[in-house]
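Peer 1: This structure is in structure tokens; I'll ask about it shortly.
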Amino acid sequence: MSRARAAKKLAQAAAFGGGGLGLIGATLYGVLTAEAEYAKRVIGPMRYYPTPGNGLYGRYPGHPITFAMLGDSSAAGYGTDSPDETPGVLLASGLAELAERPVRLVDVSKTGAKSTDLAAQVDAALQAGPHVAVILIGANDVKAKMPPSTSVRLLSAAVRRLRAANCEVVVGTCPDLGVIRTIQPPLRWVARSWSHRLAAAQTIAVVEAGGRSVSLGSLLGEVFRTNPSMWGRDNFHPSATGYAAASAALLPSMAAAMGIGTESFVHPEQFRGEAILPIAEAAVLAARRAGTEVAATEVAGRERGPRGRWAALRHRRRHPKAEVDRVDDHTESKDSVPVGQ
């Protein structure tokens, strides 16, 4: 079975509530779960939880853009020393600079969150009336032995609810779990293959739900493998440098989703490896290259072709890291600091 067909079947199984572990192999999933448990024992208990950087960023005129950050420790910025180093603050500051408008960050992500926690996070985010949201979720689903089809279905439901509230959605898909130092060959290669397949299935589900995806796989792959500074103190989560790299990949797609900047209206450029493809093919290609965005598009006025929904595959240009410019001094109380694993 081709990778495109496998990813499409996993996404379809998620949509209809079936599929279970058989689609990727129960044995393969079991191996990853065991490795996650082993990594947990090696790393030991996690004692540090980031403080959300909720507040207003960018000293610009105009009505603020409300931005919601949802997800797990990768969204919360586990291991950072300051809220200014978390993905939410980095993205809020960058979006404010590009839009030349203030951005209000509402960070509802929590360390240890699983896809089953997304519904509650969406509830909290919608109270703020967000214009754009970013979701990073999935790593803890492996530890919880959650079937991939369930993870994808819950992610799709979260995206649909946000889109129904006129909120643009950007999802960073599953990173390459094969770069985790505690996972050794040949299990590392298994983890990499599994990660790519799940990322492709997430992409299909997200685009079908009205959002856009950005692949993080190889971004958190070769660079992390060759640059120790990308790792945090536990050798399991990214460092502040690593979170900045992931944020730089997500920011251009956030801006494009909001129609900010001339790049938002540029059609796919073939010389840059961009194209309009059936969604399953675009999803597989995106999983192989970091920072690749996949979003729904039309061909001759039609959303779908013989092989499914049309999707635009783009390699958005990276924006430099923005300086954090916090307008207010509001932070969460200690009681609201995420706890969990």
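In the structure tokens, chains take letters A, B, ... by order of appearance, with residues numbered from 1 within each chain and ligands from 1 in the order shown.
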Please identify the helix (DSSP H, G or I) residues within region 104-209 of chain A (assignment by DSSP from backbone atoms) and present them as a ChimeraX atom specification.

Peer 2: /A:115-126,139-143,148-164,177-179,187-208

Peer 1: Can you pull out the residues contacting region 260-272 of chain A? Cut-off 9 Å, using only C-alpha atoms, and skip same-chain residues under 3 positions away; I want them as an NGL selection string.

Peer 2: :A and (95 or 98-99 or 252-257 or 275-276 or 312-317)

Peer 1: Pick out each residue of region 83-300 of chain A that DSSP on the backbone tags as strand (DSSP E or B); I need them as an NGL selection string.

Peer 2: :A and (103-107 or 132-136 or 168-172 or 212-214 or 231 or 238 or 275-278 or 292-296 or 299)

Peer 1: Which residues, written as number ranges by chain, have at least one atom at most 6 Å from region 72-81 of chain A, with only C-alpha atoms counted and residues fewer than 6 positions away on the same chain left out?

Peer 2: A: 49-50, 109-113, 136-137, 240

Peer 1: Residues of the last selection are to be written out with N, CA and C atoms, as a PDB file, in the first residue's frame.

Peer 2:
ATOM      1  N   TYR A  49       7.036  23.459  35.103  1.00  0.00           N
ATOM      2  CA  TYR A  49       5.932  23.741  34.203  1.00  0.00           C
ATOM      3  C   TYR A  49       5.956  25.219  33.818  1.00  0.00           C
ATOM      4  N   PRO A  50       5.802  25.511  32.545  1.00  0.00           N
ATOM      5  CA  PRO A  50       5.908  26.902  32.087  1.00  0.00           C
ATOM      6  C   PRO A  50       4.701  27.738  32.500  1.00  0.00           C
ATOM      7  N   SER A 109      -3.056  25.931  26.454  1.00  0.00           N
ATOM      8  CA  SER A 109      -2.328  24.666  26.357  1.00  0.00           C
ATOM      9  C   SER A 109      -1.890  24.202  27.745  1.00  0.00           C
ATOM     10  N   LYS A 110      -1.661  22.904  27.874  1.00  0.00           N
ATOM     11  CA  LYS A 110      -1.245  22.346  29.168  1.00  0.00           C
ATOM     12  C   LYS A 110      -0.245  21.217  28.961  1.00  0.00           C
ATOM     13  N   THR A 111       0.799  21.253  29.743  1.00  0.00           N
ATOM     14  CA  THR A 111       1.766  20.163  29.736  1.00  0.00           C
ATOM     15  C   THR A 111       1.062  18.864  30.117  1.00  0.00           C
ATOM     16  N   GLY A 112       1.300  17.824  29.330  1.00  0.00           N
ATOM     17  CA  GLY A 112       0.674  16.535  29.591  1.00  0.00           C
ATOM     18  C   GLY A 112      -0.650  16.322  28.892  1.00  0.00           C
ATOM     19  N   ALA A 113      -1.141  17.325  28.170  1.00  0.00           N
ATOM     20  CA  ALA A 113      -2.441  17.202  27.510  1.00  0.00           C
ATOM     21  C   ALA A 113      -2.415  16.143  26.416  1.00  0.00           C
ATOM     22  N   LEU A 136      -0.866  22.236  18.804  1.00  0.00           N
ATOM     23  CA  LEU A 136       0.242  21.278  18.793  1.00  0.00           C
ATOM     24  C   LEU A 136      -0.119  20.183  19.782  1.00  0.00           C
ATOM     25  N   ILE A 137      -0.394  18.977  19.290  1.00  0.00           N
ATOM     26  CA  ILE A 137      -0.885  17.913  20.154  1.00  0.00           C
ATOM     27  C   ILE A 137      -0.493  16.551  19.579  1.00  0.00           C
ATOM     28  N   ALA A 240      14.683  26.430  24.419  1.00  0.00           N
ATOM     29  CA  ALA A 240      14.122  27.680  23.918  1.00  0.00           C
ATOM     30  C   ALA A 240      14.486  27.873  22.448  1.00  0.00           C
TER      31      ALA A 240
END

Peer 1: What does the distance from CA of Asn140 (chain A) to CA of Glu281 (chain A) come to in Å, to one decimal?

Peer 2: 27.0 Å

Peer 1: Please determine, counting only C-alpha atoms, which residue among A:Asp107, A:Glu323, A:Asp141, A:Glu303 has the shortest atom-to-atom distance to Ser93 (chain A).

Peer 2: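 Smallest separation from Ser93 (chain A) among the options: A:Glu323.
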
Peer 1: Do you have the CA of Phe67 (chain A)-CA of Ala92 (chain A) distance handy?

Peer 2: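 Atom-to-atom, CA of Phe67 (chain A) to CA of Ala92 (chain A), that is 7.0 Å.
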
Peer 1: So, with only C-alpha atoms as the atoms that count, which of A:Ile279, A:Glu97, A:Val89, A:Ala322 lies closest to Arg304 (chain A)?

Peer 2: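 That would be A:Ile279, the residue with the smallest distance to Arg304 (chain A).
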
Peer 1: Show which residues sit within 10 Å of Gly88 (chain A), as a PyMOL selection string. Count only C-alpha atoms, and ignore same-chain residues fewer than 2 positions away.

Peer 2: chain A and resi 52-54+67-70+75-77+83-86+90-94+105-109+134+243+247

Peer 1: I'd like the neighbourhood of region 193-196 of chain A as a list in words, where a residue qualifies if any of its atoms comes within 7 Å (using only C-alpha atoms), though same-chain residues fewer than 3 positions away should be ignored.

Peer 2: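 The filter keeps Cys174, Pro175, Asp176, Leu177, Trp189, Val190, Ala199, Ala200 and Ala287 of chain A.
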
Peer 1: Using only C-alpha atoms, which of A:Val294, A:Trp310, A:Thr173, A:Leu250 sits nearest Pro278 (chain A)?

Peer 2: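 Selected residue with least distance to Pro278 (chain A): A:Trp310.
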
Peer 1: Rounded to one decimal, what separation in Å do you get between CA of Gly242 (chain A) and CA of Arg163 (chain A)?

Peer 2: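 So the two atoms, CA of Gly242 (chain A) and CA of Arg163 (chain A), lie 28.9 Å apart.
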
Peer 1: Can you tell me, as JSON, numbers by chain, what residues are no more than 6 Å from region 206-210 of chain A when counting only C-alpha atoms, ignoring any on the same chain fewer than 5 positions away?

Peer 2: {"A": [156, 160, 295, 296]}

Peer 1: Let me make sure I understand: among A:Leu155, A:Ala311, A:Val284, A:Ala133, which one has the smallest atom-to-atom distance to Glu168 (chain A) if we use only C-alpha atoms?

Peer 2: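 Going through A:Leu155, A:Ala311, A:Val284, A:Ala133 one by one, the smallest distance to Glu168 (chain A) is for A:Ala133.
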
Peer 1: Which residues, written as a list in words, have at least one atom at most 12 Å from Ala119 (chain A), with only C-alpha atoms counted and residues fewer than 2 positions away on the same chain left out?

Peer 2: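 Non-adjacent residues within range: Leu70, Gly71, Val108, Ser109, Ala113, Lys114, Ser115, Thr116, Asp117, Gln121, Val122, Asp123, Ala124, Ala125, Leu126, Ile135, Arg153, Leu154, Leu155, Ser156, Ala157, Ala158, Val159, Arg160, Arg161 and Leu162 of chain A.
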